[in-house]
Structure formats: C-alpha cells, structure tokens
file final-v1.cif (mmCIF, C-alpha atoms)
data_my_file
#
loop_
_atom_site.label_atom_id
_atom_site.label_comp_id
_atom_site.auth_asym_id
_atom_site.auth_seq_id
_atom_site.Cartn_x
_atom_site.Cartn_y
_atom_site.Cartn_z
CA MET A 1 93.97 115.73 110.10
CA LYS A 2 92.09 116.79 113.21
CA ASN A 3 93.15 120.41 112.58
CA VAL A 4 91.34 120.56 109.23
CA PRO A 5 88.73 123.06 110.55
CA LYS A 6 91.42 125.58 111.56
CA LEU A 7 93.38 125.06 108.36
CA LEU A 8 90.34 125.41 106.15
CA LEU A 9 89.40 128.72 107.72
CA LEU A 10 92.96 129.97 107.36
CA THR A 11 93.24 128.91 103.74
CA ALA A 12 89.77 130.17 102.87
CA CYS A 13 91.12 133.61 103.74
CA ALA A 14 94.22 132.85 101.68
CA ALA A 15 92.05 132.76 98.59
CA THR A 16 92.35 136.52 98.41
CA SER A 17 95.30 137.41 96.24
CA LEU A 18 96.01 140.27 98.67
CA ALA A 19 94.87 141.04 102.24
CA LEU A 20 91.31 142.34 102.41
CA ALA A 21 91.15 146.09 102.75
CA GLN A 22 88.90 147.58 105.42
CA SER A 23 88.37 151.04 103.91
CA THR A 24 85.68 152.27 101.57
CA VAL A 25 88.18 153.16 98.84
CA PRO A 26 86.85 151.80 95.52
CA GLY A 27 88.47 148.43 95.00
CA GLU A 28 88.97 145.81 92.32
CA LYS A 29 86.76 142.79 91.87
CA TRP A 30 88.56 139.45 91.66
CA LYS A 31 87.31 135.91 91.15
CA ILE A 32 89.28 133.41 93.23
CA THR A 33 89.19 129.66 92.56
CA SER A 34 90.69 127.25 95.10
CA SER A 35 91.02 123.48 95.49
CA MET A 36 92.44 121.29 98.27
CA GLN A 37 94.15 117.90 98.59
CA MET A 38 94.84 116.18 101.91
CA ALA A 39 95.39 112.60 103.09
CA GLY A 40 94.60 111.20 99.64
CA MET A 41 91.34 113.12 99.39
CA SER A 42 90.56 116.01 97.06
CA MET A 43 88.02 118.77 97.42
CA PRO A 44 86.41 120.05 94.21
CA GLY A 45 87.36 123.54 93.09
CA GLN A 46 85.43 126.39 94.70
CA SER A 47 85.07 129.93 93.38
CA SER A 48 84.25 133.20 95.08
CA GLU A 49 84.44 136.91 94.31
CA ILE A 50 86.41 139.26 96.54
CA CYS A 51 87.31 142.91 96.60
CA LYS A 52 90.86 144.16 97.05
CA GLU A 53 92.36 147.59 97.37
CA PRO A 54 93.96 148.77 94.11
CA GLY A 55 97.73 148.46 94.10
CA GLN A 56 97.74 146.49 97.34
CA ASP A 57 100.77 144.20 97.41
CA ALA A 58 101.00 142.30 100.67
CA ALA A 59 100.98 138.66 101.79
CA PRO A 60 97.84 137.07 100.31
CA ILE A 61 96.63 135.62 103.59
CA ARG A 62 94.98 136.66 106.81
CA THR A 63 96.07 134.72 109.90
CA ASP A 64 95.08 134.15 113.51
CA ASP A 65 96.83 135.94 116.37
CA ASN A 66 99.08 132.94 117.03
CA CYS A 67 100.35 132.86 113.43
CA GLN A 68 103.08 134.90 111.82
CA ILE A 69 104.14 135.51 108.23
CA TYR A 70 107.88 135.63 107.67
CA ASP A 71 110.63 135.29 105.09
CA MET A 72 108.50 137.17 102.56
CA LYS A 73 110.18 137.63 99.19
CA ARG A 74 109.23 139.23 95.89
CA SER A 75 111.27 138.61 92.77
CA GLY A 76 109.88 139.74 89.45
CA ASN A 77 106.40 138.32 89.12
CA GLU A 78 106.81 135.79 91.95
CA GLN A 79 105.99 136.26 95.61
CA SER A 80 106.71 133.76 98.37
CA PHE A 81 106.48 133.61 102.14
CA LYS A 82 106.39 131.23 105.07
CA MET A 83 103.86 130.93 107.86
CA ARG A 84 104.16 129.53 111.37
CA CYS A 85 101.31 129.00 113.86
CA THR A 86 102.05 127.98 117.45
CA GLY A 87 99.96 126.62 120.28
CA LYS A 88 97.39 123.83 120.17
CA ASP A 89 97.00 123.90 116.39
CA ALA A 90 100.67 124.23 115.43
CA VAL A 91 101.13 124.66 111.68
CA GLU A 92 104.06 125.24 109.33
CA GLY A 93 103.34 126.51 105.85
CA THR A 94 104.94 127.84 102.69
CA ALA A 95 103.32 129.68 99.80
CA ARG A 96 104.30 130.83 96.34
CA PHE A 97 102.27 133.04 94.01
CA THR A 98 103.03 133.81 90.37
CA TYR A 99 101.54 136.97 88.85
CA LEU A 100 100.81 136.22 85.20
CA GLY A 101 99.89 139.84 84.57
CA PRO A 102 98.03 142.67 86.32
CA ASP A 103 94.76 140.76 85.98
CA HIS A 104 95.76 137.14 86.66
CA TYR A 105 97.74 135.11 89.19
CA GLN A 106 98.19 131.51 90.32
CA GLY A 107 99.41 130.24 93.68
CA LYS A 108 100.05 127.22 95.84
CA MET A 109 100.22 126.83 99.60
CA GLU A 110 101.40 123.78 101.54
CA MET A 111 100.57 123.53 105.25
CA THR A 112 101.78 120.77 107.57
CA THR A 113 100.38 119.85 110.99
CA GLN A 114 101.10 116.70 113.01
CA GLY A 115 102.83 115.12 110.04
CA GLU A 116 99.88 115.68 107.68
CA THR A 117 100.19 117.96 104.67
CA MET A 118 97.40 119.93 103.03
CA VAL A 119 97.90 121.52 99.63
CA MET A 120 95.81 124.45 98.44
CA ASN A 121 95.93 125.63 94.83
CA TYR A 122 94.65 129.06 93.85
CA GLU A 123 93.89 131.06 90.73
CA GLY A 124 92.75 134.66 90.69
CA LYS A 125 91.32 136.68 87.82
CA LYS A 126 90.33 140.32 87.85
CA LEU A 127 86.73 141.11 86.91
CA ALA A 128 85.24 144.20 85.36
CA GLY A 129 83.81 146.83 87.66
CA THR A 130 84.68 148.26 91.06
CA CYS A 131 83.67 147.47 94.64
CA ASP A 132 83.79 149.22 98.02
CA GLY A 133 84.46 148.36 101.65
CA ARG A 134 80.90 147.29 102.35
CA GLU A 135 80.96 144.78 99.52
CA MET A 136 84.41 143.71 100.64
CA ASN A 137 83.15 142.84 104.11
CA LEU A 138 80.23 140.94 102.63
CA GLN A 139 82.53 138.90 100.42
CA ALA A 140 84.78 138.16 103.38
CA LYS A 141 81.79 136.76 105.26
CA LYS A 142 80.87 134.67 102.24
CA MET A 143 84.41 133.30 102.09
CA ILE A 144 84.35 132.35 105.77
CA ALA A 145 80.95 130.70 105.30
CA GLU A 146 82.36 128.77 102.33
CA GLY A 147 85.34 127.72 104.41
CA GLU A 148 83.00 126.41 107.11
CA ARG A 149 81.00 124.52 104.48
CA GLN A 150 84.15 122.94 103.12
CA GLN A 151 85.14 122.10 106.67
CA LYS A 152 81.93 120.14 107.18
CA VAL A 153 82.39 118.31 103.90
CA ALA A 154 85.99 117.43 104.83
CA GLU A 155 84.86 116.20 108.26
CA GLN A 156 82.19 114.02 106.65
CA GLN A 157 84.70 112.56 104.19
CA THR A 158 87.17 111.91 106.99
CA ALA A 159 84.53 110.22 109.14
CA GLU A 160 83.51 107.99 106.24
CA TYR A 161 87.14 107.14 105.48
CA CYS A 162 87.78 106.29 109.13
CA ARG A 163 84.76 103.97 109.32
CA LYS A 164 85.83 102.18 106.15
CA GLU A 165 89.46 101.74 107.21
CA ALA A 166 88.48 100.65 110.72
CA ALA A 167 86.23 97.90 109.39
CA ALA A 168 88.89 96.72 106.92
CA GLY A 169 91.60 96.38 109.59
CA ASN A 170 94.37 97.47 107.22
CA GLY A 171 96.77 98.84 109.83
CA PRO A 172 96.62 101.63 112.42
CA GLY A 173 98.13 104.52 110.42
CA PHE A 174 94.74 106.08 109.69
CA LEU A 175 93.76 106.39 113.37
CA THR A 176 95.62 109.69 113.83
CA MET A 177 92.98 111.48 111.73
CA CYS A 178 89.92 109.90 113.37
CA LYS A 179 87.98 111.67 116.11
CA ASP A 180 85.34 109.03 116.89
CA PRO A 181 86.57 106.54 119.55
CA ALA A 182 84.25 103.96 117.99
CA ASP A 183 86.54 103.76 114.97
CA LYS A 184 89.42 102.51 117.09
CA ARG A 185 87.18 99.93 118.78
CA THR A 186 85.96 98.73 115.39
CA PHE A 187 89.52 98.55 114.09
CA CYS A 188 90.80 96.57 117.08
CA GLU A 189 87.95 94.09 116.72
CA ALA A 190 88.68 93.73 113.00
CA VAL A 191 92.40 93.11 113.58
CA ARG A 192 91.58 90.15 115.82
CA LYS A 193 89.60 88.38 113.09
CA PRO A 194 91.62 85.41 111.76
CA GLU A 195 91.60 86.58 108.14
CA ASN A 196 92.80 90.09 109.00
CA PHE A 197 95.34 88.89 111.58
CA LYS A 198 96.81 86.50 109.02
CA ARG A 199 96.88 89.16 106.29
CA LEU A 200 98.71 91.66 108.51
CA SER A 201 101.10 88.95 109.68
CA ASP A 202 101.84 87.95 106.07
CA GLN A 203 102.52 91.60 105.19
CA GLU A 204 104.85 91.98 108.17
CA ARG A 205 106.87 88.89 107.22
CA LYS A 206 107.31 90.17 103.67
CA THR A 207 108.22 93.77 104.55
CA THR A 208 110.62 92.84 107.34
CA ARG A 209 112.34 90.08 105.39
CA TYR A 210 115.04 92.57 104.45
CA ALA A 211 116.69 94.60 107.21
CA ALA A 212 116.46 97.81 105.17
CA ASN A 213 112.66 97.70 105.35
CA SER A 214 112.16 96.50 108.90
CA ASN A 215 112.08 99.91 110.59
CA MET A 216 110.05 101.79 108.00
CA PRO A 217 106.69 103.17 109.18
CA GLY A 218 104.02 100.62 108.33
CA ALA A 219 106.56 97.80 107.87
CA ARG A 220 105.17 95.97 110.90
CA PRO A 221 101.40 96.35 110.49
CA LEU A 222 100.52 93.54 112.89
CA THR A 223 102.92 94.68 115.62
CA GLU A 224 101.82 98.29 115.20
CA SER A 225 98.15 97.27 115.31
CA ALA A 226 98.67 95.24 118.48
CA THR A 227 100.47 98.17 120.12
CA ALA A 228 97.72 100.61 119.14
CA CYS A 229 95.03 98.27 120.46
CA GLY A 230 96.90 97.25 123.61
CA PHE A 231 97.13 93.49 123.12
CA SER A 232 99.95 90.98 122.67
CA ALA A 233 100.21 89.71 119.11
CA GLU A 234 101.72 86.42 120.29
CA LYS A 235 99.00 85.74 122.86
CA GLU A 236 96.37 86.66 120.30
CA ARG A 237 98.02 84.27 117.83
CA GLU A 238 97.88 81.43 120.38
CA GLY A 239 94.17 81.92 120.87
CA LEU A 240 93.50 82.16 117.15
CA CYS A 241 95.55 79.01 116.52
CA GLN A 242 93.38 77.12 119.00
CA LEU A 243 90.30 78.43 117.23
CA ALA A 244 91.74 77.51 113.82
CA ASP A 245 92.52 74.02 115.11
CA ARG A 246 88.93 73.53 116.25
CA ASN A 247 87.50 74.91 113.01
CA GLY A 248 89.96 73.20 110.69
CA ASN A 249 91.17 76.53 109.29
CA LEU A 250 94.21 75.17 107.47
CA ASP A 251 95.04 78.46 105.74
CA PHE A 252 95.56 80.17 109.09
CA ILE A 253 97.43 77.24 110.60
CA ALA A 254 99.83 77.02 107.63
CA THR A 255 101.43 80.40 108.29
CA GLU A 256 100.53 81.35 111.88
CA CYS A 257 100.67 78.14 113.92
CA PRO A 258 104.10 76.49 113.49
CA THR A 259 103.51 73.63 115.95
CA GLN A 260 100.23 72.46 114.46
CA ALA A 261 101.45 73.20 110.93
CA ALA A 262 104.60 71.10 111.29
CA GLY A 263 102.59 68.09 112.39
CA ILE A 264 100.12 68.40 109.53
CA ALA A 265 102.93 68.98 107.02
CA ALA A 266 104.79 65.88 108.20
CA ALA A 267 101.65 63.79 107.84
CA GLN A 268 100.15 65.24 104.67
CA CYS A 269 102.95 66.92 102.69
CA ALA A 270 106.27 65.19 103.36
CA GLY A 271 107.61 62.87 100.70
CA ARG A 272 104.76 63.49 98.30
CA ARG A 273 104.60 64.85 94.80
CA TYR A 274 102.39 67.89 94.47
CA THR A 275 99.72 65.95 92.57
CA ALA A 276 99.84 63.15 95.13
CA ILE A 277 98.84 65.42 98.02
CA ALA A 278 95.19 65.19 99.01
CA GLU A 279 93.29 68.10 97.47
CA ARG A 280 92.23 69.35 100.90
CA TYR A 281 95.89 69.86 101.89
CA ARG A 282 97.40 71.17 98.64
CA ASN A 283 96.94 74.84 99.47
CA PHE A 284 98.06 74.19 103.05
CA CYS A 285 101.27 72.51 101.86
CA SER A 286 101.98 75.33 99.43
CA GLU A 287 101.42 78.08 102.00
CA PHE A 288 103.41 76.22 104.64
CA ALA A 289 106.32 75.74 102.25
CA SER A 290 106.22 79.38 101.15
CA ALA A 291 106.10 80.64 104.74
CA GLN A 292 109.27 78.72 105.55
CA GLY A 293 111.18 79.98 102.53
CA ASP A 294 112.69 83.28 101.56
CA ASP A 295 111.24 84.45 98.27
CA GLY A 296 113.85 86.80 96.82
CA ALA A 297 113.15 89.93 94.87
CA GLN A 298 113.94 88.08 91.64
CA ASP A 299 111.27 85.46 92.30
CA GLN A 300 108.78 88.17 93.14
CA GLN A 301 109.54 90.05 89.93
CA GLN A 302 109.23 86.88 87.87
CA ALA A 303 105.89 86.16 89.46
CA GLN A 304 104.72 89.66 88.51
CA ASP A 305 106.05 89.47 84.96
CA GLN A 306 104.65 86.04 84.07
CA PRO A 307 100.87 85.57 84.16
CA GLN A 308 99.88 82.42 86.02
CA THR A 309 96.71 80.44 86.52
CA PRO A 310 95.67 79.88 90.16
CA GLY A 311 96.91 76.30 89.87
CA GLU A 312 100.28 77.34 88.49
CA LYS A 313 100.69 79.95 91.21
CA THR A 314 99.92 77.45 93.95
CA LYS A 315 102.28 74.87 92.48
CA GLY A 316 104.97 77.51 92.10
CA LEU A 317 104.72 78.47 95.77
CA PHE A 318 104.92 74.79 96.64
CA ASN A 319 108.07 74.28 94.61
CA LYS A 320 109.80 77.38 96.01
CA GLY A 321 109.32 76.06 99.52
CA LYS A 322 110.92 72.68 98.88
CA LYS A 323 114.50 73.76 99.42
CA ALA A 324 113.77 75.74 102.54
CA LEU A 325 112.05 72.76 104.13
CA GLY A 326 115.20 70.68 103.85
CA GLY A 327 113.74 67.83 101.85
CA LEU A 328 110.29 67.74 103.43
CA PHE A 329 108.86 67.41 99.93
CA SER A 330 110.26 64.99 97.35
CA ASN A 331 110.33 65.28 93.58
#

call {"tool": "encode", "arguments": {"input": "final-v1.cif", "output": "structure tokens"}}
result
Amino acid sequence: MKNVPKLLLLTACAATSLALAQSTVPGEKWKITSSMQMAGMSMPGQSSEICKEPGQDAAPIRTDDNCQIYDMKRSGNEQSFKMRCTGKDAVEGTARFTYLGPDHYQGKMEMTTQGETMVMNYEGKKLAGTCDGREMNLQAKKMIAEGERQQKVAEQQTAEYCRKEAAAGNGPGFLTMCKDPADKRTFCEAVRKPENFKRLSDQERKTTRYAANSNMPGARPLTESATACGFSAEKEREGLCQLADRNGNLDFIATECPTQAAGIAAAQCAGRRYTAIAERYRNFCSEFASAQGDDGAQDQQQAQDQPQTPGEKTKGLFNKGKKALGGLFSN
C-alpha cells in the first residue's frame, strides 16, 4: 500500500470520463463521483466537476510517462482498456466503463501493486451549460488537489491501522503497508508477550493440522512473525516457559511447555474425574488434553452449532483430550 500516493493521483485523473482537452473549444460540464476501496478500508465518495471536449471518445485516464494504455476496446456502450506502469511504482490495471446514455456513464478500475489491489468506482453525469479551456485547467487543478487530499487521508488511515495491528500482534501480514519503522518494533515486542505468543502458536497448530492448509499464507502466524522479527520461535518459547514457570502461568504451560506440562498433568490430572481435579488445574488439564488431541472438523462444527456454557466448553475440551492422552484421564 506504500504506492497509494501515486495511485491516488493517477485515479483522481481517471475521474474524467474522457481525457481533459487543452483547447479553448467550448466543452461540456460533467459531474464525476468516485469512491475507493483498498486493504479493507473505504474512502467516502467524492464529487467534482470537470470539462470535456464535445464528442471526445478516448481512454478516460491521464497517466504518467512510465505508464501505457493498451488493449483498448469499444463494443456498443462499453469501453475497456488495460494500463501498465513500470519502474519503482509498478502497477497493473484494468478498467471498464459503461455509457448509460449520452449524459451518463459508470465505470470501475482495478489497480494492483505489490500484491495489493485498489478498486475505484466512478459515475459521471452531464450538467447543463458549457465550459472552456480555462475552466478545464482550473478543474484539473482542483481534481489533483482533491487527489492529494485523499492521499493524506489514506496515509492517516493506514498509519492508524498499522499502529493498531502492531500493538495487537496479530501476525506480520500488515507490515508490507507500513512506512514507520516503529510499527515493526512495536509488533515484534507484542509478539513476544506470553498471551500473544500463545495465541499465535494456537492458531498455527490449528491451521497446520491438515496438510492442505500448512503452506497457505498466514497459516503459520507464529513462524512468520518470528521470521519477520528475526528471532527463533523455539528459543523464545524456552524463555517464556521459564517465565511462565516462575509466575505460575498454567495456561501458557499447558500448550507451550510440554516438559513442565507433562509433569503437572501427571500429578494433577491423571486418573481423576473432571470434577475431582482441583479447581486451579481444571482449565490447565482441559487445555493440555486438547493440545495433545486432534479435534476434527466434525467436532469443530458441532462446537459451533451447539451453544455451550463456559463450563460445558471446558469439560468438552477435557473429554476430547482423553483418548489422545492414552488413558491419562480416567472416567
């Protein structure tokens, strides 16, 4: 998303249904409304008035020198073309415009850069009155100024999103759109917190349980986070297990520290009915049992379909882990 400024300026110009004329020939006034979606964020619709040369029928976009329009087609009331920009800000784009009459059109442009896709939607309506080249140039300047304003808004939204995601430690996928190095530092600190480390580890176990999912992007959030931050997940786990041992963090130990967990499970969980386990260790025993088992898709669906109280859910996890633990728990 770091190329948003370039893309916004390009697509701000694309709001003209036809390329801006540079002559003083009386032109037609048009009102252009555009909106943008990118990376899960939406920009509110913006409107501007432009002036186009009567009868002009060319690609509705003005590009930089390193961009080219190609594969332009016109069939009936539909016009389409492709755009390619090379160099530092490489972009691939496609556009399609539908002319609903001589005074109305709608269009959509999709532009992709570095794996990110931005979608611009347009609508143009002809207004009463005429305009000339001087007004046309003025409107072009207004459009560029509006594009710059939208650029600043998009940058602010992106910066806010990056700060939020970095603090949450939800995985490194968002880092590609973040310019501030502080966001990566914040993220790497957040990932090392026991609660976030455990959450990412739990997610990784679940998504990689089936071979078909193991190589999907985002399937290994802990491994990917460790790689992005330059630390060893296993060494980090060892240190966090020592910390959890000192602090009595049984939730972390249950799923992340097999050596300590096995000893506690043998002493506090083995051979006991669920209700006979000391209250302090009930959640530990359930999580330990669940971590050792392989909850199938059917069990997961049943858990989603049947509402459970917190107690029922915990007991259910406990029971599902019995078999996998080879008799560690008794009936």

call {"tool": "residues_around", "arguments": {"input": "final-v1.cif", "residues": "Met111 of chain A", "least_positions_apart": "3", "cutoff": "6 Å", "atoms": "all atoms listed in the file", "output": "list in words"}}
result
Glu92, Gly93, Thr117 and Met118 of chain A

call {"tool": "resolve_selection", "arguments": {"input": "final-v1.cif", "expression": "the PyMOL selection byres ((chain A and resi 108) around 9)", "output": "count of residues only"}}
result
13

call {"tool": "resolve_selection", "arguments": {"input": "final-v1.cif", "expression": "the PyMOL selection byres ((chain A and resi 43) around 10)", "output": "list in words"}}
result
Ser34, Ser35, Met36, Gln37, Met38, Met41, Ser42, Pro44, Gly45, Gln46, Met120, Gln150, Val153, Ala154 and Gln157 of chain A

call {"tool": "resolve_selection", "arguments": {"input": "final-v1.cif", "expression": "the PyMOL selection byres ((chain A and resi 90) around 10)", "output": "ChimeraX atom specification"}}
result
/A:3,66-67,84-89,91-92,112-114

call {"tool": "closest_residue", "arguments": {"input": "final-v1.cif", "among": "A:Ala291, A:Cys178, A:Cys51, A:Ala167", "to": "Ser201 of chain A", "atoms": "all atoms listed in the file"}}
result
A:Ala291

call {"tool": "closest_residue", "arguments": {"input": "final-v1.cif", "among": "A:Ala262, A:Leu100, A:Met143, A:Ala39", "to": "Gly115 of chain A", "atoms": "all atoms listed in the file"}}
result
A:Ala39

call {"tool": "residues_around", "arguments": {"input": "final-v1.cif", "residues": "segment 186-198 of chain A", "least_positions_apart": "6", "cutoff": "8 Å", "atoms": "only C-alpha atoms", "output": "ChimeraX atom specification"}}
result
/A:165-170,172,222,225,229,236,240,252,255-256

call {"tool": "atom_distance", "arguments": {"input": "final-v1.cif", "atom1": "atom CA of Glu287 of chain A", "atom2": "atom CA of Thr208 of chain A"}}
result
18.2 Å

call {"tool": "atom_distance", "arguments": {"input": "final-v1.cif", "atom1": "atom CA of Ser80 of chain A", "atom2": "atom CA of Thr130 of chain A"}}
result
27.4 Å

call {"tool": "atom_distance", "arguments": {"input": "final-v1.cif", "atom1": "atom CA of Thr176 of chain A", "atom2": "atom CA of Ile69 of chain A"}}
result
27.8 Å
